[in-house]
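Written below as C-alpha coordinates is the structure these notes are about.
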2 protein chains.
Amino acid sequence: MGTDKLITPDTFGFIAAALTTIAFLPQVIKTWRTKKAEDVSIVMLLMFITGLIFWIIYAIQTSALPVLIANIITFILNLTILTLKLIYDREEN
Amino acid sequence: MGTDKLITPDTFGFIAAALTTIAFLPQVIKTWRTKKAEDVSIVMLLMFITGLIFWIIYAIQTSALPVLIANIITFILNLTILTLKLIYDREEN
(Lines give C-alpha, C1' and ligand atoms only; values in the text may rest on other atoms or scores of the structure.)
Protein backbone atom coordinates (compact mmCIF):
# COMPACT_ATOMS: atom_id res chain seq x y z
CA MET A 1 0.00 0.00 0.00
CA GLY A 2 1.45 3.36 -1.02
CA THR A 3 1.29 6.52 1.04
CA ASP A 4 -1.02 7.87 -1.69
CA LYS A 5 -3.80 5.83 -0.16
CA LEU A 6 -3.02 6.78 3.41
CA ILE A 7 -2.65 10.52 2.87
CA THR A 8 -5.25 11.67 0.36
CA PRO A 9 -5.82 15.32 -0.64
CA ASP A 10 -8.89 15.18 1.61
CA THR A 11 -6.64 14.49 4.60
CA PHE A 12 -4.76 17.73 3.92
CA GLY A 13 -8.05 19.54 3.36
CA PHE A 14 -9.41 18.25 6.66
CA ILE A 15 -6.28 19.27 8.63
CA ALA A 16 -6.30 22.64 6.84
CA ALA A 17 -9.96 23.31 7.67
CA ALA A 18 -9.51 22.24 11.30
CA LEU A 19 -6.47 24.51 11.79
CA THR A 20 -7.85 27.63 10.07
CA THR A 21 -11.07 27.20 12.10
CA ILE A 22 -9.71 26.43 15.59
CA ALA A 23 -6.94 29.09 15.14
CA PHE A 24 -9.34 31.81 16.31
CA LEU A 25 -9.95 30.17 19.70
CA PRO A 26 -6.55 31.29 21.11
CA GLN A 27 -7.45 34.86 20.05
CA VAL A 28 -10.80 34.62 21.88
CA ILE A 29 -9.02 33.32 25.01
CA LYS A 30 -6.26 35.95 24.84
CA THR A 31 -8.73 38.81 24.37
CA TRP A 32 -10.94 37.48 27.18
CA ARG A 33 -7.96 37.20 29.55
CA THR A 34 -6.23 40.51 28.78
CA LYS A 35 -9.52 42.45 28.31
CA LYS A 36 -7.79 44.20 25.39
CA ALA A 37 -8.10 43.99 21.62
CA GLU A 38 -6.93 47.47 20.68
CA ASP A 39 -4.32 46.15 18.22
CA VAL A 40 -6.82 43.90 16.44
CA SER A 41 -8.12 45.63 13.29
CA ILE A 42 -11.89 46.14 13.33
CA VAL A 43 -11.88 46.47 9.54
CA MET A 44 -10.30 43.02 9.33
CA LEU A 45 -12.94 41.54 11.63
CA LEU A 46 -15.84 43.14 9.73
CA MET A 47 -14.51 42.08 6.32
CA PHE A 48 -13.67 38.57 7.54
CA ILE A 49 -17.08 38.07 9.19
CA THR A 50 -18.85 39.34 6.05
CA GLY A 51 -16.76 36.91 4.00
CA LEU A 52 -17.75 34.06 6.33
CA ILE A 53 -21.45 34.88 5.81
CA PHE A 54 -20.86 34.51 2.06
CA TRP A 55 -19.03 31.19 2.67
CA ILE A 56 -22.02 29.96 4.70
CA ILE A 57 -24.44 30.92 1.89
CA TYR A 58 -22.14 29.21 -0.64
CA ALA A 59 -21.95 26.07 1.53
CA ILE A 60 -25.75 25.90 1.90
CA GLN A 61 -26.28 26.37 -1.85
CA THR A 62 -23.74 23.71 -2.78
CA SER A 63 -24.70 21.37 0.10
CA ALA A 64 -21.08 21.36 1.24
CA LEU A 65 -21.50 20.21 4.85
CA PRO A 66 -17.81 20.33 5.93
CA VAL A 67 -17.48 23.87 4.49
CA LEU A 68 -20.69 24.85 6.29
CA ILE A 69 -19.62 23.49 9.69
CA ALA A 70 -16.09 24.97 9.49
CA ASN A 71 -17.42 28.39 8.51
CA ILE A 72 -20.16 28.47 11.16
CA ILE A 73 -17.56 27.74 13.88
CA THR A 74 -15.16 30.35 12.42
CA PHE A 75 -18.07 32.81 12.23
CA ILE A 76 -19.02 32.29 15.91
CA LEU A 77 -15.39 32.65 17.06
CA ASN A 78 -14.83 35.85 15.05
CA LEU A 79 -18.14 37.34 16.14
CA THR A 80 -17.01 36.67 19.72
CA ILE A 81 -13.68 38.45 19.09
CA LEU A 82 -15.54 41.42 17.54
CA THR A 83 -18.00 41.62 20.45
CA LEU A 84 -15.19 41.47 23.04
CA LYS A 85 -13.23 44.11 21.11
CA LEU A 86 -16.22 46.48 21.00
CA ILE A 87 -16.79 46.03 24.77
CA TYR A 88 -13.13 46.45 25.80
CA ASP A 89 -12.40 49.33 23.38
CA ARG A 90 -15.36 51.22 24.86
CA GLU A 91 -14.26 50.52 28.45
CA GLU A 92 -10.81 51.90 27.65
CA ASN A 93 -12.11 55.29 26.47
CA MET B 1 -34.13 34.86 -16.83
CA GLY B 2 -34.28 34.06 -13.10
CA THR B 3 -31.90 35.39 -10.50
CA ASP B 4 -30.66 31.80 -10.17
CA LYS B 5 -28.72 32.30 -13.36
CA LEU B 6 -27.35 35.69 -12.43
CA ILE B 7 -26.25 34.83 -8.91
CA THR B 8 -24.80 31.34 -8.93
CA PRO B 9 -23.25 29.63 -5.88
CA ASP B 10 -19.87 30.37 -7.49
CA THR B 11 -20.63 34.10 -7.25
CA PHE B 12 -21.05 33.77 -3.49
CA GLY B 13 -17.94 31.58 -3.31
CA PHE B 14 -15.94 34.17 -5.22
CA ILE B 15 -17.09 37.08 -3.01
CA ALA B 16 -16.46 34.92 0.08
CA ALA B 17 -12.92 34.03 -1.00
CA ALA B 18 -12.10 37.64 -1.92
CA LEU B 19 -13.33 38.98 1.44
CA THR B 20 -11.68 36.35 3.68
CA THR B 21 -8.42 36.90 1.77
CA ILE B 22 -8.28 40.69 1.54
CA ALA B 23 -9.56 41.04 5.16
CA PHE B 24 -6.00 40.63 6.47
CA LEU B 25 -4.68 43.67 4.57
CA PRO B 26 -6.28 46.18 7.03
CA GLN B 27 -4.56 44.27 9.88
CA VAL B 28 -1.19 44.54 8.08
CA ILE B 29 -1.74 48.30 7.56
CA LYS B 30 -2.90 48.87 11.16
CA THR B 31 0.04 46.94 12.63
CA TRP B 32 2.49 48.75 10.33
CA ARG B 33 1.09 52.15 11.29
CA THR B 34 0.76 51.66 15.07
CA LYS B 35 3.95 49.55 15.35
CA LYS B 36 2.04 47.38 17.84
CA ALA B 37 0.49 43.92 17.67
CA GLU B 38 0.60 43.00 21.34
CA ASP B 39 -3.12 42.11 21.43
CA VAL B 40 -2.88 39.84 18.39
CA SER B 41 -2.53 36.20 19.51
CA ILE B 42 0.69 34.59 18.28
CA VAL B 43 -0.88 31.14 18.76
CA MET B 44 -3.68 32.18 16.39
CA LEU B 45 -1.17 33.37 13.78
CA LEU B 46 0.95 30.20 14.00
CA MET B 47 -2.08 27.87 13.81
CA PHE B 48 -3.65 29.89 10.98
CA ILE B 49 -0.43 30.02 8.94
CA THR B 50 0.10 26.26 9.43
CA GLY B 51 -3.48 25.70 8.29
CA LEU B 52 -2.85 27.82 5.20
CA ILE B 53 0.18 25.68 4.29
CA PHE B 54 -2.11 22.64 4.41
CA TRP B 55 -4.68 24.49 2.23
CA ILE B 56 -1.92 25.25 -0.29
CA ILE B 57 -0.85 21.56 -0.38
CA TYR B 58 -4.51 20.56 -0.76
CA ALA B 59 -5.02 23.06 -3.60
CA ILE B 60 -1.92 21.84 -5.46
CA GLN B 61 -2.98 18.18 -5.10
CA THR B 62 -6.51 18.86 -6.29
CA SER B 63 -5.45 21.41 -8.97
CA ALA B 64 -7.82 23.95 -7.40
CA LEU B 65 -6.34 27.18 -8.79
CA PRO B 66 -8.73 29.69 -7.09
CA VAL B 67 -8.15 27.96 -3.71
CA LEU B 68 -4.40 28.05 -4.35
CA ILE B 69 -4.30 31.76 -5.24
CA ALA B 70 -6.56 32.82 -2.33
CA ASN B 71 -4.52 30.83 0.18
CA ILE B 72 -1.14 32.04 -1.10
CA ILE B 73 -2.28 35.67 -0.71
CA THR B 74 -3.75 34.96 2.76
CA PHE B 75 -0.50 33.16 3.68
CA ILE B 76 1.68 36.14 2.61
CA LEU B 77 -0.53 38.64 4.50
CA ASN B 78 -0.54 36.55 7.71
CA LEU B 79 3.20 35.89 7.50
CA THR B 80 3.63 39.69 7.24
CA ILE B 81 1.45 40.23 10.35
CA LEU B 82 3.47 37.58 12.25
CA THR B 83 6.81 39.12 11.19
CA LEU B 84 5.67 42.64 12.20
CA LYS B 85 4.36 41.31 15.53
CA LEU B 86 7.67 39.57 16.30
CA ILE B 87 9.61 42.77 15.48
CA TYR B 88 7.36 45.15 17.44
CA ASP B 89 6.92 42.81 20.45
CA ARG B 90 10.71 42.59 20.73
CA GLU B 91 11.16 46.37 20.43
CA GLU B 92 8.64 46.88 23.23
CA ASN B 93 10.59 44.73 25.73
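Residue numbers start at 1 in each chain; chains themselves are named A, B, ... in the order of the C-alpha coordinates; ligands are numbered from 1 in the order shown.
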Please write out chain A, superposed on chain B by least squares over all C-alpha atoms matched in order, as an mmCIF file with N, CA and C atoms, in the first residue's frame.
```
data_model
loop_
_atom_site.group_PDB
_atom_site.id
_atom_site.type_symbol
_atom_site.label_atom_id
_atom_site.label_comp_id
_atom_site.auth_asym_id
_atom_site.auth_seq_id
_atom_site.Cartn_x
_atom_site.Cartn_y
_atom_site.Cartn_z
ATOM 1 N N MET A 1 -35.217 35.597 -17.630
ATOM 2 C CA MET A 1 -34.038 35.049 -16.933
ATOM 3 C C MET A 1 -34.206 35.212 -15.427
ATOM 4 N N GLY A 2 -34.072 34.130 -14.696
ATOM 5 C CA GLY A 2 -34.217 34.193 -13.235
ATOM 6 C C GLY A 2 -32.937 34.653 -12.577
ATOM 7 N N THR A 3 -33.040 35.022 -11.326
ATOM 8 C CA THR A 3 -31.852 35.463 -10.588
ATOM 9 C C THR A 3 -30.910 34.281 -10.335
ATOM 10 N N ASP A 4 -31.482 33.055 -10.457
ATOM 11 C CA ASP A 4 -30.668 31.844 -10.283
ATOM 12 C C ASP A 4 -29.482 31.848 -11.231
ATOM 13 N N LYS A 5 -29.709 32.392 -12.420
ATOM 14 C CA LYS A 5 -28.650 32.384 -13.428
ATOM 15 C C LYS A 5 -27.655 33.517 -13.204
ATOM 16 N N LEU A 6 -28.146 34.592 -12.623
ATOM 17 C CA LEU A 6 -27.276 35.746 -12.400
ATOM 18 C C LEU A 6 -26.385 35.528 -11.183
ATOM 19 N N ILE A 7 -27.004 35.027 -10.100
ATOM 20 C CA ILE A 7 -26.237 34.810 -8.875
ATOM 21 C C ILE A 7 -26.116 33.312 -8.611
ATOM 22 N N THR A 8 -25.055 32.731 -9.076
ATOM 23 C CA THR A 8 -24.809 31.301 -8.889
ATOM 24 C C THR A 8 -24.073 31.094 -7.555
ATOM 25 N N PRO A 9 -24.052 29.848 -7.046
ATOM 26 C CA PRO A 9 -23.266 29.584 -5.837
ATOM 27 C C PRO A 9 -21.826 30.051 -5.982
ATOM 28 N N ASP A 10 -21.276 29.917 -7.211
ATOM 29 C CA ASP A 10 -19.896 30.338 -7.448
ATOM 30 C C ASP A 10 -19.688 31.829 -7.196
ATOM 31 N N THR A 11 -20.737 32.614 -7.467
ATOM 32 C CA THR A 11 -20.643 34.059 -7.202
ATOM 33 C C THR A 11 -20.423 34.289 -5.719
ATOM 34 N N PHE A 12 -21.208 33.596 -4.890
ATOM 35 C CA PHE A 12 -21.065 33.709 -3.434
ATOM 36 C C PHE A 12 -19.689 33.205 -2.995
ATOM 37 N N GLY A 13 -19.265 32.111 -3.591
ATOM 38 C CA GLY A 13 -17.948 31.545 -3.270
ATOM 39 C C GLY A 13 -16.828 32.515 -3.609
ATOM 40 N N PHE A 14 -16.977 33.193 -4.743
ATOM 41 C CA PHE A 14 -15.954 34.141 -5.185
ATOM 42 C C PHE A 14 -15.892 35.351 -4.242
ATOM 43 N N ILE A 15 -17.076 35.896 -3.895
ATOM 44 C CA ILE A 15 -17.129 37.043 -2.964
ATOM 45 C C ILE A 15 -16.557 36.612 -1.608
ATOM 46 N N ALA A 16 -16.955 35.428 -1.156
ATOM 47 C CA ALA A 16 -16.481 34.890 0.120
ATOM 48 C C ALA A 16 -14.960 34.787 0.147
ATOM 49 N N ALA A 17 -14.387 34.179 -0.886
ATOM 50 C CA ALA A 17 -12.936 33.995 -0.961
ATOM 51 C C ALA A 17 -12.211 35.339 -0.997
ATOM 52 N N ALA A 18 -12.751 36.274 -1.775
ATOM 53 C CA ALA A 18 -12.137 37.607 -1.884
ATOM 54 C C ALA A 18 -12.118 38.293 -0.520
ATOM 55 N N LEU A 19 -13.256 38.253 0.181
ATOM 56 C CA LEU A 19 -13.360 38.949 1.475
ATOM 57 C C LEU A 19 -12.477 38.314 2.550
ATOM 58 N N THR A 20 -12.495 36.985 2.658
ATOM 59 C CA THR A 20 -11.718 36.331 3.725
ATOM 60 C C THR A 20 -10.209 36.328 3.401
ATOM 61 N N THR A 21 -9.856 36.734 2.181
ATOM 62 C CA THR A 21 -8.450 36.876 1.797
ATOM 63 C C THR A 21 -7.968 38.304 2.071
ATOM 64 N N ILE A 22 -8.689 39.270 1.482
ATOM 65 C CA ILE A 22 -8.308 40.685 1.563
ATOM 66 C C ILE A 22 -8.471 41.236 2.992
ATOM 67 N N ALA A 23 -9.314 40.572 3.809
ATOM 68 C CA ALA A 23 -9.577 41.007 5.191
ATOM 69 C C ALA A 23 -8.299 41.250 6.001
ATOM 70 N N PHE A 24 -7.231 40.519 5.682
ATOM 71 C CA PHE A 24 -6.013 40.616 6.488
ATOM 72 C C PHE A 24 -5.146 41.828 6.131
ATOM 73 N N LEU A 25 -5.465 42.459 4.996
ATOM 74 C CA LEU A 25 -4.716 43.655 4.591
ATOM 75 C C LEU A 25 -4.902 44.810 5.594
ATOM 76 N N PRO A 26 -6.143 45.101 6.036
ATOM 77 C CA PRO A 26 -6.303 46.155 7.052
ATOM 78 C C PRO A 26 -5.510 45.878 8.339
ATOM 79 N N GLN A 27 -5.354 44.592 8.689
ATOM 80 C CA GLN A 27 -4.564 44.255 9.889
ATOM 81 C C GLN A 27 -3.077 44.547 9.642
ATOM 82 N N VAL A 28 -2.596 44.229 8.438
ATOM 83 C CA VAL A 28 -1.202 44.537 8.077
ATOM 84 C C VAL A 28 -0.986 46.058 8.178
ATOM 85 N N ILE A 29 -1.884 46.824 7.584
ATOM 86 C CA ILE A 29 -1.771 48.293 7.567
ATOM 87 C C ILE A 29 -1.821 48.854 8.987
ATOM 88 N N LYS A 30 -2.786 48.379 9.785
ATOM 89 C CA LYS A 30 -2.923 48.862 11.161
ATOM 90 C C LYS A 30 -1.656 48.569 11.976
ATOM 91 N N THR A 31 -1.155 47.347 11.866
ATOM 92 C CA THR A 31 0.031 46.946 12.626
ATOM 93 C C THR A 31 1.248 47.761 12.187
ATOM 94 N N TRP A 32 1.368 47.974 10.880
ATOM 95 C CA TRP A 32 2.467 48.761 10.313
ATOM 96 C C TRP A 32 2.420 50.199 10.838
ATOM 97 N N ARG A 33 1.220 50.772 10.878
ATOM 98 C CA ARG A 33 1.042 52.169 11.297
ATOM 99 C C ARG A 33 1.271 52.366 12.790
ATOM 100 N N THR A 34 0.670 51.477 13.606
ATOM 101 C CA THR A 34 0.730 51.657 15.062
ATOM 102 C C THR A 34 2.010 51.073 15.665
ATOM 103 N N LYS A 35 2.722 50.255 14.862
ATOM 104 C CA LYS A 35 3.938 49.565 15.340
ATOM 105 C C LYS A 35 3.647 48.737 16.593
ATOM 106 N N LYS A 36 2.430 48.192 16.665
ATOM 107 C CA LYS A 36 2.017 47.385 17.813
ATOM 108 C C LYS A 36 1.116 46.233 17.384
ATOM 109 N N ALA A 37 1.386 45.037 17.934
ATOM 110 C CA ALA A 37 0.493 43.913 17.663
ATOM 111 C C ALA A 37 0.419 43.026 18.906
ATOM 112 N N GLU A 38 0.597 43.696 20.049
ATOM 113 C CA GLU A 38 0.617 43.000 21.340
ATOM 114 C C GLU A 38 -0.658 42.179 21.576
ATOM 115 N N ASP A 39 -1.808 42.756 21.185
ATOM 116 C CA ASP A 39 -3.093 42.101 21.448
ATOM 117 C C ASP A 39 -3.421 40.991 20.452
ATOM 118 N N VAL A 40 -2.616 40.877 19.394
ATOM 119 C CA VAL A 40 -2.859 39.827 18.404
ATOM 120 C C VAL A 40 -2.208 38.534 18.909
ATOM 121 N N SER A 41 -2.988 37.466 18.981
ATOM 122 C CA SER A 41 -2.500 36.189 19.512
ATOM 123 C C SER A 41 -1.496 35.529 18.562
ATOM 124 N N ILE A 42 -0.302 35.249 19.102
ATOM 125 C CA ILE A 42 0.720 34.577 18.281
ATOM 126 C C ILE A 42 0.326 33.126 18.020
ATOM 127 N N VAL A 43 -0.375 32.518 18.956
ATOM 128 C CA VAL A 43 -0.836 31.128 18.761
ATOM 129 C C VAL A 43 -1.818 31.073 17.590
ATOM 130 N N MET A 44 -2.712 32.077 17.529
ATOM 131 C CA MET A 44 -3.637 32.157 16.397
ATOM 132 C C MET A 44 -2.857 32.254 15.085
ATOM 133 N N LEU A 45 -1.912 33.166 15.017
ATOM 134 C CA LEU A 45 -1.146 33.363 13.784
ATOM 135 C C LEU A 45 -0.416 32.088 13.357
ATOM 136 N N LEU A 46 0.223 31.411 14.326
ATOM 137 C CA LEU A 46 0.976 30.191 14.000
ATOM 138 C C LEU A 46 0.055 29.067 13.526
ATOM 139 N N MET A 47 -1.082 28.906 14.211
ATOM 140 C CA MET A 47 -2.036 27.863 13.809
ATOM 141 C C MET A 47 -2.635 28.188 12.443
ATOM 142 N N PHE A 48 -2.985 29.458 12.248
ATOM 143 C CA PHE A 48 -3.630 29.877 11.001
ATOM 144 C C PHE A 48 -2.668 29.702 9.826
ATOM 145 N N ILE A 49 -1.424 30.134 10.009
ATOM 146 C CA ILE A 49 -0.415 30.015 8.950
ATOM 147 C C ILE A 49 -0.134 28.544 8.623
ATOM 148 N N THR A 50 -0.052 27.702 9.659
ATOM 149 C CA THR A 50 0.128 26.260 9.432
ATOM 150 C C THR A 50 -1.056 25.700 8.643
ATOM 151 N N GLY A 51 -2.251 26.111 9.018
ATOM 152 C CA GLY A 51 -3.457 25.691 8.301
ATOM 153 C C GLY A 51 -3.415 26.105 6.837
ATOM 154 N N LEU A 52 -2.934 27.323 6.579
ATOM 155 C CA LEU A 52 -2.845 27.825 5.206
ATOM 156 C C LEU A 52 -1.861 27.000 4.374
ATOM 157 N N ILE A 53 -0.769 26.548 5.002
ATOM 158 C CA ILE A 53 0.195 25.689 4.295
ATOM 159 C C ILE A 53 -0.506 24.391 3.864
ATOM 160 N N PHE A 54 -1.326 23.836 4.766
ATOM 161 C CA PHE A 54 -2.091 22.636 4.414
ATOM 162 C C PHE A 54 -3.104 22.916 3.310
ATOM 163 N N TRP A 55 -3.742 24.100 3.317
ATOM 164 C CA TRP A 55 -4.669 24.476 2.235
ATOM 165 C C TRP A 55 -3.933 24.566 0.905
ATOM 166 N N ILE A 56 -2.712 25.111 0.928
ATOM 167 C CA ILE A 56 -1.913 25.251 -0.297
ATOM 168 C C ILE A 56 -1.552 23.859 -0.853
ATOM 169 N N ILE A 57 -1.155 22.951 0.038
ATOM 170 C CA ILE A 57 -0.850 21.570 -0.388
ATOM 171 C C ILE A 57 -2.100 20.920 -0.992
ATOM 172 N N TYR A 58 -3.221 21.085 -0.299
ATOM 173 C CA TYR A 58 -4.505 20.545 -0.767
ATOM 174 C C TYR A 58 -4.851 21.087 -2.152
ATOM 175 N N ALA A 59 -4.673 22.415 -2.319
ATOM 176 C CA ALA A 59 -5.021 23.067 -3.589
ATOM 177 C C ALA A 59 -4.132 22.576 -4.728
ATOM 178 N N ILE A 60 -2.845 22.357 -4.433
ATOM 179 C CA ILE A 60 -1.921 21.844 -5.455
ATOM 180 C C ILE A 60 -2.334 20.424 -5.850
ATOM 181 N N GLN A 61 -2.615 19.599 -4.842
ATOM 182 C CA GLN A 61 -2.969 18.195 -5.100
ATOM 183 C C GLN A 61 -4.280 18.031 -5.856
ATOM 184 N N THR A 62 -5.209 18.960 -5.632
ATOM 185 C CA THR A 62 -6.510 18.850 -6.290
ATOM 186 C C THR A 62 -6.616 19.781 -7.496
ATOM 187 N N SER A 63 -5.498 20.449 -7.824
ATOM 188 C CA SER A 63 -5.454 21.405 -8.950
ATOM 189 C C SER A 63 -6.545 22.472 -8.843
ATOM 190 N N ALA A 64 -6.798 22.917 -7.613
ATOM 191 C CA ALA A 64 -7.821 23.937 -7.386
ATOM 192 C C ALA A 64 -7.171 25.319 -7.393
ATOM 193 N N LEU A 65 -7.088 25.917 -8.595
ATOM 194 C CA LEU A 65 -6.365 27.175 -8.773
ATOM 195 C C LEU A 65 -6.915 28.336 -7.933
ATOM 196 N N PRO A 66 -8.253 28.540 -7.887
ATOM 197 C CA PRO A 66 -8.757 29.656 -7.063
ATOM 198 C C PRO A 66 -8.404 29.482 -5.576
ATOM 199 N N VAL A 67 -8.509 28.234 -5.088
ATOM 200 C CA VAL A 67 -8.165 27.939 -3.687
ATOM 201 C C VAL A 67 -6.679 28.216 -3.454
ATOM 202 N N LEU A 68 -5.858 27.842 -4.432
ATOM 203 C CA LEU A 68 -4.411 28.052 -4.338
ATOM 204 C C LEU A 68 -4.071 29.535 -4.254
ATOM 205 N N ILE A 69 -4.619 30.317 -5.188
ATOM 206 C CA ILE A 69 -4.327 31.757 -5.235
ATOM 207 C C ILE A 69 -4.784 32.447 -3.944
ATOM 208 N N ALA A 70 -6.037 32.180 -3.533
ATOM 209 C CA ALA A 70 -6.582 32.809 -2.322
ATOM 210 C C ALA A 70 -5.716 32.491 -1.100
ATOM 211 N N ASN A 71 -5.282 31.220 -1.003
ATOM 212 C CA ASN A 71 -4.524 30.821 0.183
ATOM 213 C C ASN A 71 -3.084 31.319 0.167
ATOM 214 N N ILE A 72 -2.506 31.483 -1.019
ATOM 215 C CA ILE A 72 -1.153 32.043 -1.101
ATOM 216 C C ILE A 72 -1.177 33.514 -0.658
ATOM 217 N N ILE A 73 -2.187 34.261 -1.118
ATOM 218 C CA ILE A 73 -2.303 35.678 -0.714
ATOM 219 C C ILE A 73 -2.529 35.768 0.800
ATOM 220 N N THR A 74 -3.461 34.948 1.321
ATOM 221 C CA THR A 74 -3.754 34.952 2.765
ATOM 222 C C THR A 74 -2.504 34.575 3.559
ATOM 223 N N PHE A 75 -1.742 33.610 3.030
ATOM 224 C CA PHE A 75 -0.500 33.168 3.666
ATOM 225 C C PHE A 75 0.498 34.329 3.750
ATOM 226 N N ILE A 76 0.711 35.032 2.634
ATOM 227 C CA ILE A 76 1.668 36.155 2.595
ATOM 228 C C ILE A 76 1.247 37.248 3.585
ATOM 229 N N LEU A 77 -0.058 37.576 3.592
ATOM 230 C CA LEU A 77 -0.544 38.631 4.489
ATOM 231 C C LEU A 77 -0.348 38.237 5.957
ATOM 232 N N ASN A 78 -0.659 36.987 6.306
ATOM 233 C CA ASN A 78 -0.530 36.550 7.699
ATOM 234 C C ASN A 78 0.924 36.383 8.137
ATOM 235 N N LEU A 79 1.774 35.995 7.188
ATOM 236 C CA LEU A 79 3.200 35.904 7.484
ATOM 237 C C LEU A 79 3.753 37.318 7.740
ATOM 238 N N THR A 80 3.224 38.295 7.018
ATOM 239 C CA THR A 80 3.619 39.692 7.224
ATOM 240 C C THR A 80 3.190 40.162 8.618
ATOM 241 N N ILE A 81 1.954 39.849 9.012
ATOM 242 C CA ILE A 81 1.451 40.228 10.340
ATOM 243 C C ILE A 81 2.326 39.583 11.426
ATOM 244 N N LEU A 82 2.642 38.299 11.251
ATOM 245 C CA LEU A 82 3.484 37.586 12.227
ATOM 246 C C LEU A 82 4.871 38.222 12.332
ATOM 247 N N THR A 83 5.476 38.519 11.182
ATOM 248 C CA THR A 83 6.808 39.133 11.161
ATOM 249 C C THR A 83 6.787 40.495 11.864
ATOM 250 N N LEU A 84 5.804 41.319 11.538
ATOM 251 C CA LEU A 84 5.676 42.642 12.170
ATOM 252 C C LEU A 84 5.478 42.483 13.673
ATOM 253 N N LYS A 85 4.631 41.539 14.072
ATOM 254 C CA LYS A 85 4.380 41.308 15.499
ATOM 255 C C LYS A 85 5.678 40.935 16.224
ATOM 256 N N LEU A 86 6.442 40.019 15.642
ATOM 257 C CA LEU A 86 7.694 39.581 16.274
ATOM 258 C C LEU A 86 8.665 40.761 16.426
ATOM 259 N N ILE A 87 8.735 41.610 15.402
ATOM 260 C CA ILE A 87 9.625 42.789 15.444
ATOM 261 C C ILE A 87 9.155 43.774 16.524
ATOM 262 N N TYR A 88 7.873 44.130 16.492
ATOM 263 C CA TYR A 88 7.365 45.165 17.406
ATOM 264 C C TYR A 88 7.290 44.676 18.850
ATOM 265 N N ASP A 89 6.962 43.387 19.058
ATOM 266 C CA ASP A 89 6.927 42.836 20.420
ATOM 267 C C ASP A 89 8.321 42.900 21.041
ATOM 268 N N ARG A 90 9.332 42.605 20.222
ATOM 269 C CA ARG A 90 10.719 42.626 20.704
ATOM 270 C C ARG A 90 11.149 44.056 21.041
ATOM 271 N N GLU A 91 10.795 45.006 20.179
ATOM 272 C CA GLU A 91 11.148 46.413 20.404
ATOM 273 C C GLU A 91 10.555 46.949 21.708
ATOM 274 N N GLU A 92 9.352 46.425 22.032
ATOM 275 C CA GLU A 92 8.641 46.906 23.223
ATOM 276 C C GLU A 92 9.326 46.482 24.512
ATOM 277 N N ASN A 93 9.965 45.293 24.489
ATOM 278 C CA ASN A 93 10.582 44.763 25.718
ATOM 279 C C ASN A 93 11.999 45.296 25.954
#
```
